[in-house]
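Before any comments, here is the structure.
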Amino acid sequence: MRILLCGYGRMGKMVERLALEAGDTVVERIDIDEAARWETLEKCADVVIDFSAPGALKPLAAYVQRTGTPLLSGTTAYGPEEFAVLDALGAHAPVLHSANYSVGVALLRRLLAVAAPALMPGFDAEITETHHNKKADAPSGTAKLLYEAIDPGHNYTPVYGREGLCGARNEKEIGIHALRGGSVAGTHTVSFFGPDEEISITHRAASRAIFAAGALRAAAILAKKAPGRYTLEEILFGEQ
Ligand SMILES: NC(=O)c1ccc[n+]([C@@H]2O[C@H](COP(=O)([O-])OP(=O)(O)OC[C@H]3O[C@@H](n4cnc5c(N)ncnc54)[C@H](O)[C@@H]3O)[C@@H](O)[C@H]2O)c1
């Protein structure tokens, strides 16, 4: 696989290391200082792998539209505007975005899609996420994904931390809480608290390598797909 990297930070370098170990090639690396190169770059790769920042998306999207190069994006902190750009790009190339490329988290989402309707209403759901002290955004993109898996119809209200005299918990709340410290690669716990019983499911990433490995596994499948907007579940598990 010939890979074009957008963003050459911690994740970009990790993807490169695992790709080279697997015999893939990194043909280009475009970080913030080289962003102007998108305008003139020809099609040169089987897939673009993007772990950068939301500001990178505009010129990257123009490149993908112009060349039809498949795009795997792992950048987080996207809002509705960026997701609309990715959706529109699906007309020109295979496009996949996930805030978490670990196979374990993909499975956790499927488990939550079963657990949440079985337990709620009646049980109170709360999400905690823990990350290293360099992480810029909160809550994590993964916590948002897990939230979506619990409440796809948006019938609940997310509550980000609690402080002061905030009153009793409303049954229509789902708490999302961010812990930051050290070098934690990413821990997510979803708890369902019922009367006199609790179910908690935790996913722990021991290193960031799982995200890079999952991204490379998904990229190999995505590169062979027709243009369209795909989810990680569709790519990994063949779900529609
Ligand atoms: N989806 C996942 O599985 C997953 C896993 C880990 C991290 N992430 C996300 O990936 C992103 C990168 O994470 P990281 O830990 O590598 O961060 P990082 O800060 O180490 O690296 C980000 C890189 O992107 C570059 N960049 C910033 N703006 C750019 C632009 N406009 N054009 C090109 N490059 C630009 C920065 O200079 C930096 O080198 C973050 O959004 C993070 O939350 C996703």
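Ordering of the structure tokens sets the chain letters (A, B, ...), residue numbers begin anew at 1 in every chain, and ligands are numbered from 1 in the order given.
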
With a cut-off of 7 Å, could you pull out the residues of chain A touching ligand 1 and give me the nearest pair of atoms for each, distance in Å to one decimal, using only C-alpha atoms and all ligand atoms, ordered by chain and ascending number, as JSON lines?
```
{"residue": "A:Cys6", "atom": "CA", "partner": "ligand 1", "partner_atom_place_in_ligand_line": "33 (C)", "distance": 5.6}
{"residue": "A:Gly7", "atom": "CA", "partner": "ligand 1", "partner_atom_place_in_ligand_line": "24 (O)", "distance": 3.8}
{"residue": "A:Tyr8", "atom": "CA", "partner": "ligand 1", "partner_atom_place_in_ligand_line": "39 (O)", "distance": 4.4}
{"residue": "A:Gly9", "atom": "CA", "partner": "ligand 1", "partner_atom_place_in_ligand_line": "21 (O)", "distance": 3.3}
{"residue": "A:Arg10", "atom": "CA", "partner": "ligand 1", "partner_atom_place_in_ligand_line": "16 (O)", "distance": 3.8}
{"residue": "A:Met11", "atom": "CA", "partner": "ligand 1", "partner_atom_place_in_ligand_line": "16 (O)", "distance": 3.6}
{"residue": "A:Gly12", "atom": "CA", "partner": "ligand 1", "partner_atom_place_in_ligand_line": "16 (O)", "distance": 5.7}
{"residue": "A:Ile30", "atom": "CA", "partner": "ligand 1", "partner_atom_place_in_ligand_line": "33 (C)", "distance": 5.7}
{"residue": "A:Asp31", "atom": "CA", "partner": "ligand 1", "partner_atom_place_in_ligand_line": "34 (N)", "distance": 3.5}
{"residue": "A:Ile32", "atom": "CA", "partner": "ligand 1", "partner_atom_place_in_ligand_line": "33 (C)", "distance": 3.6}
{"residue": "A:Ala35", "atom": "CA", "partner": "ligand 1", "partner_atom_place_in_ligand_line": "32 (N)", "distance": 5.3}
{"residue": "A:Phe51", "atom": "CA", "partner": "ligand 1", "partner_atom_place_in_ligand_line": "10 (O)", "distance": 4.1}
{"residue": "A:Ser52", "atom": "CA", "partner": "ligand 1", "partner_atom_place_in_ligand_line": "24 (O)", "distance": 3.4}
{"residue": "A:Ala53", "atom": "CA", "partner": "ligand 1", "partner_atom_place_in_ligand_line": "28 (N)", "distance": 4.7}
{"residue": "A:Gly55", "atom": "CA", "partner": "ligand 1", "partner_atom_place_in_ligand_line": "31 (N)", "distance": 4.5}
{"residue": "A:Ala56", "atom": "CA", "partner": "ligand 1", "partner_atom_place_in_ligand_line": "31 (N)", "distance": 3.4}
{"residue": "A:Gly74", "atom": "CA", "partner": "ligand 1", "partner_atom_place_in_ligand_line": "1 (N)", "distance": 3.6}
{"residue": "A:Thr75", "atom": "CA", "partner": "ligand 1", "partner_atom_place_in_ligand_line": "41 (O)", "distance": 3.8}
{"residue": "A:Thr76", "atom": "CA", "partner": "ligand 1", "partner_atom_place_in_ligand_line": "41 (O)", "distance": 3.9}
{"residue": "A:Ala77", "atom": "CA", "partner": "ligand 1", "partner_atom_place_in_ligand_line": "41 (O)", "distance": 6.3}
{"residue": "A:Ser98", "atom": "CA", "partner": "ligand 1", "partner_atom_place_in_ligand_line": "1 (N)", "distance": 5.2}
{"residue": "A:Ala99", "atom": "CA", "partner": "ligand 1", "partner_atom_place_in_ligand_line": "1 (N)", "distance": 3.7}
{"residue": "A:Asn100", "atom": "CA", "partner": "ligand 1", "partner_atom_place_in_ligand_line": "3 (O)", "distance": 3.3}
{"residue": "A:Tyr101", "atom": "CA", "partner": "ligand 1", "partner_atom_place_in_ligand_line": "3 (O)", "distance": 4.0}
{"residue": "A:Ser102", "atom": "CA", "partner": "ligand 1", "partner_atom_place_in_ligand_line": "3 (O)", "distance": 6.3}
{"residue": "A:Gly141", "atom": "CA", "partner": "ligand 1", "partner_atom_place_in_ligand_line": "43 (O)", "distance": 6.9}
{"residue": "A:Arg208", "atom": "CA", "partner": "ligand 1", "partner_atom_place_in_ligand_line": "6 (C)", "distance": 6.5}
{"residue": "A:Phe211", "atom": "CA", "partner": "ligand 1", "partner_atom_place_in_ligand_line": "3 (O)", "distance": 4.5}
```

Output of the above residues as an mmCIF file, in the first residue's frame, restricted to C-alpha atoms:
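Here's the written file selection.cif:
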```cif
data_model
loop_
_atom_site.group_PDB
_atom_site.id
_atom_site.type_symbol
_atom_site.label_atom_id
_atom_site.label_comp_id
_atom_site.auth_asym_id
_atom_site.auth_seq_id
_atom_site.Cartn_x
_atom_site.Cartn_y
_atom_site.Cartn_z
ATOM 1 C CA CYS A 6 -1.486 14.125 6.521
ATOM 2 C CA GLY A 7 -0.083 15.156 9.907
ATOM 3 C CA TYR A 8 3.315 13.903 10.989
ATOM 4 C CA GLY A 9 2.909 14.079 14.753
ATOM 5 C CA ARG A 10 2.757 11.217 17.224
ATOM 6 C CA MET A 11 0.086 9.275 15.334
ATOM 7 C CA GLY A 12 1.490 10.025 11.865
ATOM 8 C CA ILE A 30 2.369 16.671 4.752
ATOM 9 C CA ASP A 31 2.399 18.518 8.051
ATOM 10 C CA ILE A 32 1.273 22.093 8.761
ATOM 11 C CA ALA A 35 0.122 22.438 3.677
ATOM 12 C CA PHE A 51 -4.095 12.229 11.905
ATOM 13 C CA SER A 52 -3.653 15.991 12.140
ATOM 14 C CA ALA A 53 -6.007 18.775 13.257
ATOM 15 C CA GLY A 55 -7.528 23.040 10.258
ATOM 16 C CA ALA A 56 -5.965 20.570 7.818
ATOM 17 C CA GLY A 74 -8.653 9.827 12.427
ATOM 18 C CA THR A 75 -8.536 13.503 13.362
ATOM 19 C CA THR A 76 -10.832 14.409 16.261
ATOM 20 C CA ALA A 77 -12.574 17.599 17.453
ATOM 21 C CA SER A 98 -13.443 7.291 13.052
ATOM 22 C CA ALA A 99 -12.414 8.979 16.266
ATOM 23 C CA ASN A 100 -11.075 5.603 17.417
ATOM 24 C CA TYR A 101 -9.525 2.948 15.193
ATOM 25 C CA SER A 102 -9.145 0.256 17.832
ATOM 26 C CA GLY A 141 -13.749 11.799 20.301
ATOM 27 C CA ARG A 208 -1.295 4.242 20.716
ATOM 28 C CA PHE A 211 -5.010 2.985 16.723
#
```

Exercise. Could you find all residues in segment 199-232 of chain A that DSSP calls strand (DSSP E or B) from the backbone, and write them as an NGL selection string?
Key: :A and (199-204 or 228-230)

Writing out the chosen residues with N, CA and C atoms as a PDB file, in the first residue's frame:
```
ATOM      1  N   ILE A 199     -23.431  -2.104  36.052  1.00  0.00           N
ATOM      2  CA  ILE A 199     -22.634  -2.781  35.020  1.00  0.00           C
ATOM      3  C   ILE A 199     -21.673  -1.740  34.460  1.00  0.00           C
ATOM      4  N   SER A 200     -20.379  -2.037  34.473  1.00  0.00           N
ATOM      5  CA  SER A 200     -19.393  -1.138  33.875  1.00  0.00           C
ATOM      6  C   SER A 200     -18.561  -1.914  32.869  1.00  0.00           C
ATOM      7  N   ILE A 201     -18.353  -1.306  31.725  1.00  0.00           N
ATOM      8  CA  ILE A 201     -17.513  -1.932  30.696  1.00  0.00           C
ATOM      9  C   ILE A 201     -16.359  -0.977  30.423  1.00  0.00           C
ATOM     10  N   THR A 202     -15.138  -1.490  30.481  1.00  0.00           N
ATOM     11  CA  THR A 202     -13.959  -0.635  30.289  1.00  0.00           C
ATOM     12  C   THR A 202     -13.140  -1.123  29.102  1.00  0.00           C
ATOM     13  N   HIS A 203     -12.717  -0.177  28.305  1.00  0.00           N
ATOM     14  CA  HIS A 203     -11.721  -0.471  27.272  1.00  0.00           C
ATOM     15  C   HIS A 203     -10.453   0.291  27.609  1.00  0.00           C
ATOM     16  N   ARG A 204      -9.314  -0.415  27.619  1.00  0.00           N
ATOM     17  CA  ARG A 204      -8.024   0.220  27.909  1.00  0.00           C
ATOM     18  C   ARG A 204      -7.099   0.067  26.730  1.00  0.00           C
ATOM     19  N   GLY A 228     -17.644   6.553  -1.585  1.00  0.00           N
ATOM     20  CA  GLY A 228     -18.774   6.506  -0.656  1.00  0.00           C
ATOM     21  C   GLY A 228     -18.280   6.862   0.727  1.00  0.00           C
ATOM     22  N   ARG A 229     -19.229   7.109   1.608  1.00  0.00           N
ATOM     23  CA  ARG A 229     -18.901   7.467   2.990  1.00  0.00           C
ATOM     24  C   ARG A 229     -19.120   6.228   3.833  1.00  0.00           C
ATOM     25  N   TYR A 230     -18.070   5.725   4.458  1.00  0.00           N
ATOM     26  CA  TYR A 230     -18.136   4.462   5.193  1.00  0.00           C
ATOM     27  C   TYR A 230     -17.961   4.688   6.694  1.00  0.00           C
TER      28      TYR A 230
END
```

Practice problem: For each of A:Ser191, A:Thr69, A:Ser183, A:Thr128, take the minimum atom-to-atom distance to Leu4 of chain A, counting only C-alpha atoms, then give the residue where this is smallest. | Solution: A:Thr69

Practice problem: Compile the contact shell of Phe237 of chain A as an MDAnalysis selection string: residues with an atom at most 12 Å away, counting only C-alpha atoms, same-chain residues fewer than 4 positions apart removed. | Solution: chainID A and resid 103 106:107 110 217:218 221 230:233

Write to file, as a PDB file, in the first residue's frame, the residues of the selection just made, with N, CA and C atoms.
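Okay, again-v9.pdb is ready:
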```pdb
ATOM      1  N   VAL A 103      -9.982  -1.937  17.330  1.00  0.00           N
ATOM      2  CA  VAL A 103     -11.006  -2.941  17.065  1.00  0.00           C
ATOM      3  C   VAL A 103     -11.837  -3.170  18.331  1.00  0.00           C
ATOM      4  N   ALA A 106     -14.494  -0.553  18.584  1.00  0.00           N
ATOM      5  CA  ALA A 106     -15.553  -0.831  17.597  1.00  0.00           C
ATOM      6  C   ALA A 106     -16.511  -1.886  18.166  1.00  0.00           C
ATOM      7  N   LEU A 107     -15.950  -2.898  18.822  1.00  0.00           N
ATOM      8  CA  LEU A 107     -16.796  -3.932  19.424  1.00  0.00           C
ATOM      9  C   LEU A 107     -17.591  -3.376  20.608  1.00  0.00           C
ATOM     10  N   ARG A 110     -20.719  -1.796  19.551  1.00  0.00           N
ATOM     11  CA  ARG A 110     -21.771  -2.774  19.232  1.00  0.00           C
ATOM     12  C   ARG A 110     -22.419  -3.295  20.522  1.00  0.00           C
ATOM     13  N   ARG A 217      -5.185  -1.445   9.058  1.00  0.00           N
ATOM     14  CA  ARG A 217      -6.053  -2.565   8.665  1.00  0.00           C
ATOM     15  C   ARG A 217      -7.272  -2.040   7.896  1.00  0.00           C
ATOM     16  N   ALA A 218      -7.887  -0.973   8.398  1.00  0.00           N
ATOM     17  CA  ALA A 218      -9.063  -0.396   7.731  1.00  0.00           C
ATOM     18  C   ALA A 218      -8.667   0.248   6.397  1.00  0.00           C
ATOM     19  N   ILE A 221      -8.581  -2.103   3.445  1.00  0.00           N
ATOM     20  CA  ILE A 221      -9.918  -2.460   2.941  1.00  0.00           C
ATOM     21  C   ILE A 221     -10.527  -1.259   2.212  1.00  0.00           C
ATOM     22  N   TYR A 230     -18.070   5.725   4.458  1.00  0.00           N
ATOM     23  CA  TYR A 230     -18.136   4.462   5.193  1.00  0.00           C
ATOM     24  C   TYR A 230     -17.961   4.688   6.694  1.00  0.00           C
ATOM     25  N   THR A 231     -18.503   3.734   7.483  1.00  0.00           N
ATOM     26  CA  THR A 231     -18.219   3.730   8.914  1.00  0.00           C
ATOM     27  C   THR A 231     -17.195   2.629   9.191  1.00  0.00           C
ATOM     28  N   LEU A 232     -16.535   2.724  10.329  1.00  0.00           N
ATOM     29  CA  LEU A 232     -15.537   1.712  10.683  1.00  0.00           C
ATOM     30  C   LEU A 232     -16.192   0.336  10.804  1.00  0.00           C
ATOM     31  N   GLU A 233     -17.429   0.301  11.318  1.00  0.00           N
ATOM     32  CA  GLU A 233     -18.122  -0.979  11.455  1.00  0.00           C
ATOM     33  C   GLU A 233     -18.345  -1.610  10.082  1.00  0.00           C
TER      34      GLU A 233
END
```

Quiz item: What's the 12 Å shell around Arg17 of chain A, counting only C-alpha atoms, without same-chain residues fewer than 3 positions away, as a list of chain:residue names?
Solution: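 Answer for this query is A:Ile3, A:Leu5, A:Tyr8, A:Arg10, A:Met11, A:Gly12, A:Lys13, A:Met14, A:Leu20, A:Glu21, A:Ala22, A:Gly23, A:Asp24, A:Thr25, A:Val26, A:Ala209, A:Ala212, A:Ala213, A:Leu216.
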
Write out the residues from the selection above, keeping N, CA and C atoms, as a PDB file, in the first residue's frame.
```
ATOM      1  N   ILE A   3       1.093   5.032   0.930  1.00  0.00           N
ATOM      2  CA  ILE A   3       0.362   5.870   1.886  1.00  0.00           C
ATOM      3  C   ILE A   3       0.844   7.309   1.819  1.00  0.00           C
ATOM      4  N   LEU A   5       0.631  10.567   4.103  1.00  0.00           N
ATOM      5  CA  LEU A   5       0.290  10.944   5.477  1.00  0.00           C
ATOM      6  C   LEU A   5      -0.043  12.424   5.568  1.00  0.00           C
ATOM      7  N   TYR A   8       2.153  14.745  10.678  1.00  0.00           N
ATOM      8  CA  TYR A   8       3.315  13.903  10.989  1.00  0.00           C
ATOM      9  C   TYR A   8       3.703  14.134  12.439  1.00  0.00           C
ATOM     10  N   ARG A  10       2.580  12.516  16.567  1.00  0.00           N
ATOM     11  CA  ARG A  10       2.757  11.217  17.224  1.00  0.00           C
ATOM     12  C   ARG A  10       2.051  10.093  16.467  1.00  0.00           C
ATOM     13  N   MET A  11       0.814  10.337  16.047  1.00  0.00           N
ATOM     14  CA  MET A  11       0.086   9.275  15.334  1.00  0.00           C
ATOM     15  C   MET A  11       0.641   9.062  13.928  1.00  0.00           C
ATOM     16  N   GLY A  12       0.934  10.151  13.216  1.00  0.00           N
ATOM     17  CA  GLY A  12       1.490  10.025  11.865  1.00  0.00           C
ATOM     18  C   GLY A  12       2.773   9.191  11.887  1.00  0.00           C
ATOM     19  N   LYS A  13       3.610   9.441  12.870  1.00  0.00           N
ATOM     20  CA  LYS A  13       4.882   8.700  12.961  1.00  0.00           C
ATOM     21  C   LYS A  13       4.641   7.234  13.323  1.00  0.00           C
ATOM     22  N   MET A  14       3.664   7.006  14.183  1.00  0.00           N
ATOM     23  CA  MET A  14       3.335   5.622  14.570  1.00  0.00           C
ATOM     24  C   MET A  14       2.792   4.845  13.361  1.00  0.00           C
ATOM     25  N   LEU A  20       5.792   0.720   7.558  1.00  0.00           N
ATOM     26  CA  LEU A  20       7.079   0.282   7.018  1.00  0.00           C
ATOM     27  C   LEU A  20       7.387  -1.145   7.469  1.00  0.00           C
ATOM     28  N   GLU A  21       7.047  -1.447   8.737  1.00  0.00           N
ATOM     29  CA  GLU A  21       7.267  -2.820   9.237  1.00  0.00           C
ATOM     30  C   GLU A  21       6.460  -3.840   8.431  1.00  0.00           C
ATOM     31  N   ALA A  22       5.264  -3.405   7.947  1.00  0.00           N
ATOM     32  CA  ALA A  22       4.390  -4.321   7.205  1.00  0.00           C
ATOM     33  C   ALA A  22       4.726  -4.356   5.714  1.00  0.00           C
ATOM     34  N   GLY A  23       5.719  -3.578   5.299  1.00  0.00           N
ATOM     35  CA  GLY A  23       6.115  -3.585   3.890  1.00  0.00           C
ATOM     36  C   GLY A  23       5.372  -2.569   3.044  1.00  0.00           C
ATOM     37  N   ASP A  24       4.585  -1.686   3.674  1.00  0.00           N
ATOM     38  CA  ASP A  24       3.920  -0.609   2.940  1.00  0.00           C
ATOM     39  C   ASP A  24       4.904   0.542   2.724  1.00  0.00           C
ATOM     40  N   THR A  25       4.490   1.501   1.876  1.00  0.00           N
ATOM     41  CA  THR A  25       5.375   2.623   1.569  1.00  0.00           C
ATOM     42  C   THR A  25       4.699   3.926   1.974  1.00  0.00           C
ATOM     43  N   VAL A  26       5.450   4.830   2.568  1.00  0.00           N
ATOM     44  CA  VAL A  26       4.925   6.176   2.815  1.00  0.00           C
ATOM     45  C   VAL A  26       5.503   7.083   1.732  1.00  0.00           C
ATOM     46  N   ALA A 209      -0.303   2.354  19.569  1.00  0.00           N
ATOM     47  CA  ALA A 209      -0.074   1.494  18.402  1.00  0.00           C
ATOM     48  C   ALA A 209      -1.371   0.834  17.940  1.00  0.00           C
ATOM     49  N   ALA A 212      -3.042   3.011  15.326  1.00  0.00           N
ATOM     50  CA  ALA A 212      -2.321   2.996  14.050  1.00  0.00           C
ATOM     51  C   ALA A 212      -2.525   1.655  13.349  1.00  0.00           C
ATOM     52  N   ALA A 213      -2.464   0.554  14.117  1.00  0.00           N
ATOM     53  CA  ALA A 213      -2.644  -0.778  13.516  1.00  0.00           C
ATOM     54  C   ALA A 213      -4.056  -0.918  12.956  1.00  0.00           C
ATOM     55  N   LEU A 216      -4.416   1.127   9.775  1.00  0.00           N
ATOM     56  CA  LEU A 216      -3.784   0.487   8.612  1.00  0.00           C
ATOM     57  C   LEU A 216      -4.631  -0.685   8.117  1.00  0.00           C
TER      58      LEU A 216
END
```

Self-check item: atom CA of Gly90 of chain A to atom CA of Trp38 of chain A, distance in Å rounded to a single decimal
Solution: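 For atom CA of Gly90 of chain A relative to atom CA of Trp38 of chain A, the distance reads 18.7 Å.
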
Practice problem: Would you mind reading off the distance between atom CA of Arg2 of chain A and atom CA of Ala45 of chain A, one decimal, in Å? | Solution: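 Atom-to-atom, atom CA of Arg2 of chain A and atom CA of Ala45 of chain A are spaced 4.8 Å apart.
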
Exercise. Using atom CA of Ile174 of chain A and atom CA of Gly161 of chain A as the two end points, give the distance in Å to one decimal.
Key: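 That distance, rounded to one decimal, is 10.3 Å.
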
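Between Gly214 of chain A and the residues A:Val85, A:Glu173, A:Leu18, A:His132, the shortest atom-to-atom distance, using only C-alpha atoms, involves A:Leu18.
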
Taking only segment 38-142 of chain A into account, list the residues labelled helix (DSSP H, G or I) by DSSP (computed from the backbone), as a PDB file with C-alpha atoms, in the first residue's frame.
```pdb
ATOM      1  CA  TRP A  38      -1.816  19.976  -1.452  1.00  0.00           C
ATOM      2  CA  GLU A  39      -2.609  22.408  -4.260  1.00  0.00           C
ATOM      3  CA  PRO A  54      -9.347  20.144  11.996  1.00  0.00           C
ATOM      4  CA  GLY A  55      -7.528  23.040  10.258  1.00  0.00           C
ATOM      5  CA  ALA A  56      -5.965  20.570   7.818  1.00  0.00           C
ATOM      6  CA  LEU A  57      -9.266  19.418   6.353  1.00  0.00           C
ATOM      7  CA  LYS A  58      -9.993  22.128   3.760  1.00  0.00           C
ATOM      8  CA  PRO A  59      -6.930  21.701   1.493  1.00  0.00           C
ATOM      9  CA  LEU A  60      -6.883  17.953   2.167  1.00  0.00           C
ATOM     10  CA  ALA A  61     -10.535  17.639   1.067  1.00  0.00           C
ATOM     11  CA  ALA A  62      -9.828  19.640  -2.106  1.00  0.00           C
ATOM     12  CA  TYR A  63      -6.964  17.220  -2.890  1.00  0.00           C
ATOM     13  CA  VAL A  64      -9.146  14.143  -2.315  1.00  0.00           C
ATOM     14  CA  GLN A  65     -11.899  15.589  -4.478  1.00  0.00           C
ATOM     15  CA  ARG A  66      -9.436  16.405  -7.292  1.00  0.00           C
ATOM     16  CA  THR A  67      -7.575  13.069  -7.252  1.00  0.00           C
ATOM     17  CA  PRO A  80     -20.903  19.462  11.973  1.00  0.00           C
ATOM     18  CA  GLU A  81     -19.126  21.591   9.335  1.00  0.00           C
ATOM     19  CA  GLU A  82     -16.203  19.174   9.006  1.00  0.00           C
ATOM     20  CA  PHE A  83     -18.486  16.134   8.975  1.00  0.00           C
ATOM     21  CA  ALA A  84     -20.516  17.744   6.163  1.00  0.00           C
ATOM     22  CA  VAL A  85     -17.275  18.147   4.176  1.00  0.00           C
ATOM     23  CA  LEU A  86     -16.465  14.442   4.688  1.00  0.00           C
ATOM     24  CA  ASP A  87     -20.010  13.402   3.725  1.00  0.00           C
ATOM     25  CA  ALA A  88     -19.809  15.407   0.478  1.00  0.00           C
ATOM     26  CA  LEU A  89     -16.369  13.951  -0.295  1.00  0.00           C
ATOM     27  CA  VAL A 103     -11.006  -2.941  17.065  1.00  0.00           C
ATOM     28  CA  GLY A 104     -11.906  -3.262  20.769  1.00  0.00           C
ATOM     29  CA  VAL A 105     -13.702   0.084  20.795  1.00  0.00           C
ATOM     30  CA  ALA A 106     -15.553  -0.831  17.597  1.00  0.00           C
ATOM     31  CA  LEU A 107     -16.796  -3.932  19.424  1.00  0.00           C
ATOM     32  CA  LEU A 108     -17.634  -1.912  22.557  1.00  0.00           C
ATOM     33  CA  ARG A 109     -19.904   0.300  20.450  1.00  0.00           C
ATOM     34  CA  ARG A 110     -21.771  -2.774  19.232  1.00  0.00           C
ATOM     35  CA  LEU A 111     -22.147  -4.016  22.837  1.00  0.00           C
ATOM     36  CA  LEU A 112     -23.516  -0.631  23.930  1.00  0.00           C
ATOM     37  CA  ALA A 113     -26.041  -0.617  21.100  1.00  0.00           C
ATOM     38  CA  VAL A 114     -27.449  -3.796  22.680  1.00  0.00           C
ATOM     39  CA  ALA A 115     -26.988  -2.871  26.363  1.00  0.00           C
ATOM     40  CA  ALA A 116     -28.388   0.673  26.342  1.00  0.00           C
ATOM     41  CA  PRO A 117     -31.890  -0.080  25.007  1.00  0.00           C
ATOM     42  CA  ALA A 118     -32.077  -3.126  27.301  1.00  0.00           C
ATOM     43  CA  LEU A 119     -31.209  -1.113  30.440  1.00  0.00           C
ATOM     44  CA  GLY A 141     -13.749  11.799  20.301  1.00  0.00           C
ATOM     45  CA  THR A 142     -14.118   8.218  21.518  1.00  0.00           C
TER      46      THR A 142
END
```

Quiz item: Pick the closest to Glu126 of chain A from A:Glu197, A:Pro94, A:Lys144, A:His177: which is it, counting only C-alpha atoms?
Solution: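 Of all the options, A:His177 lies closest to Glu126 of chain A.
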
Quiz item: With distances taken over only C-alpha atoms, which of A:Ala149, A:Gly194, A:Val95, A:Gly167 is nearest to Glu234 of chain A?
Solution: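 Of all the options, A:Val95 lies closest to Glu234 of chain A.
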
Practice problem: Go through A:Glu198, A:Ala136, A:Pro121, A:Gly182 one by one, measure the shortest atom-to-atom distance of each to Ile150 of chain A using only C-alpha atoms, and give the residue with the smallest value. | Solution: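 Going through A:Glu198, A:Ala136, A:Pro121, A:Gly182 one by one, the smallest distance to Ile150 of chain A is for A:Pro121.
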
Quiz item: Which one of A:Thr157, A:Asn170, A:Thr189, A:Ser207 sits closest to Ile127 of chain A if you count only C-alpha atoms?
Solution: A:Thr189

Quiz prompt | Residues near Ala138 of chain A, cut-off 10 Å, only C-alpha atoms, skip fewer than 5 positions along chain, as a list in words | solution =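 Non-adjacent residues within range: Ala77, Glu129, Thr130, His131, Ala143, Lys144, Tyr160, Ile176, His177, Ala178, Leu179 and Arg180 of chain A.
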
Using only N, CA, C and O atoms, please write the residues we just selected to a file, as an mmCIF file, in the first residue's frame.
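Output file again.cif is given in full below:
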```
data_model
loop_
_atom_site.group_PDB
_atom_site.id
_atom_site.type_symbol
_atom_site.label_atom_id
_atom_site.label_comp_id
_atom_site.auth_asym_id
_atom_site.auth_seq_id
_atom_site.Cartn_x
_atom_site.Cartn_y
_atom_site.Cartn_z
ATOM 1 N N ALA A 77 -12.111 16.226 17.212
ATOM 2 C CA ALA A 77 -12.574 17.599 17.453
ATOM 3 C C ALA A 77 -13.232 18.205 16.207
ATOM 4 O O ALA A 77 -13.246 19.417 16.029
ATOM 5 N N GLU A 129 -13.601 9.137 30.639
ATOM 6 C CA GLU A 129 -12.465 8.896 29.741
ATOM 7 C C GLU A 129 -11.209 9.481 30.354
ATOM 8 O O GLU A 129 -11.257 10.532 31.000
ATOM 9 N N THR A 130 -10.088 8.755 30.211
ATOM 10 C CA THR A 130 -8.798 9.198 30.754
ATOM 11 C C THR A 130 -7.770 9.216 29.645
ATOM 12 O O THR A 130 -7.669 8.246 28.881
ATOM 13 N N HIS A 131 -7.038 10.320 29.539
ATOM 14 C CA HIS A 131 -5.987 10.437 28.518
ATOM 15 C C HIS A 131 -4.763 11.144 29.096
ATOM 16 O O HIS A 131 -4.858 11.853 30.102
ATOM 17 N N ALA A 143 -15.175 9.162 23.514
ATOM 18 C CA ALA A 143 -16.288 9.305 24.458
ATOM 19 C C ALA A 143 -17.541 9.755 23.708
ATOM 20 O O ALA A 143 -18.659 9.289 23.997
ATOM 21 N N LYS A 144 -17.362 10.619 22.712
ATOM 22 C CA LYS A 144 -18.525 11.071 21.929
ATOM 23 C C LYS A 144 -19.106 9.914 21.119
ATOM 24 O O LYS A 144 -20.329 9.779 20.996
ATOM 25 N N TYR A 160 -21.346 17.501 31.105
ATOM 26 C CA TYR A 160 -19.887 17.414 31.124
ATOM 27 C C TYR A 160 -19.350 17.838 32.482
ATOM 28 O O TYR A 160 -19.166 19.028 32.749
ATOM 29 N N ILE A 176 -20.594 12.788 31.091
ATOM 30 C CA ILE A 176 -19.347 12.496 30.362
ATOM 31 C C ILE A 176 -18.239 13.254 31.078
ATOM 32 O O ILE A 176 -18.310 14.490 31.201
ATOM 33 N N HIS A 177 -17.228 12.529 31.556
ATOM 34 C CA HIS A 177 -16.224 13.147 32.419
ATOM 35 C C HIS A 177 -14.823 12.838 31.936
ATOM 36 O O HIS A 177 -14.520 11.681 31.602
ATOM 37 N N ALA A 178 -13.981 13.874 31.880
ATOM 38 C CA ALA A 178 -12.628 13.723 31.322
ATOM 39 C C ALA A 178 -11.577 13.810 32.422
ATOM 40 O O ALA A 178 -11.555 14.773 33.197
ATOM 41 N N LEU A 179 -10.704 12.793 32.499
ATOM 42 C CA LEU A 179 -9.534 12.819 33.391
ATOM 43 C C LEU A 179 -8.300 12.975 32.514
ATOM 44 O O LEU A 179 -8.232 12.386 31.434
ATOM 45 N N ARG A 180 -7.310 13.758 32.979
ATOM 46 C CA ARG A 180 -6.089 13.971 32.203
ATOM 47 C C ARG A 180 -4.867 13.749 33.069
ATOM 48 O O ARG A 180 -4.800 14.307 34.190
#
```
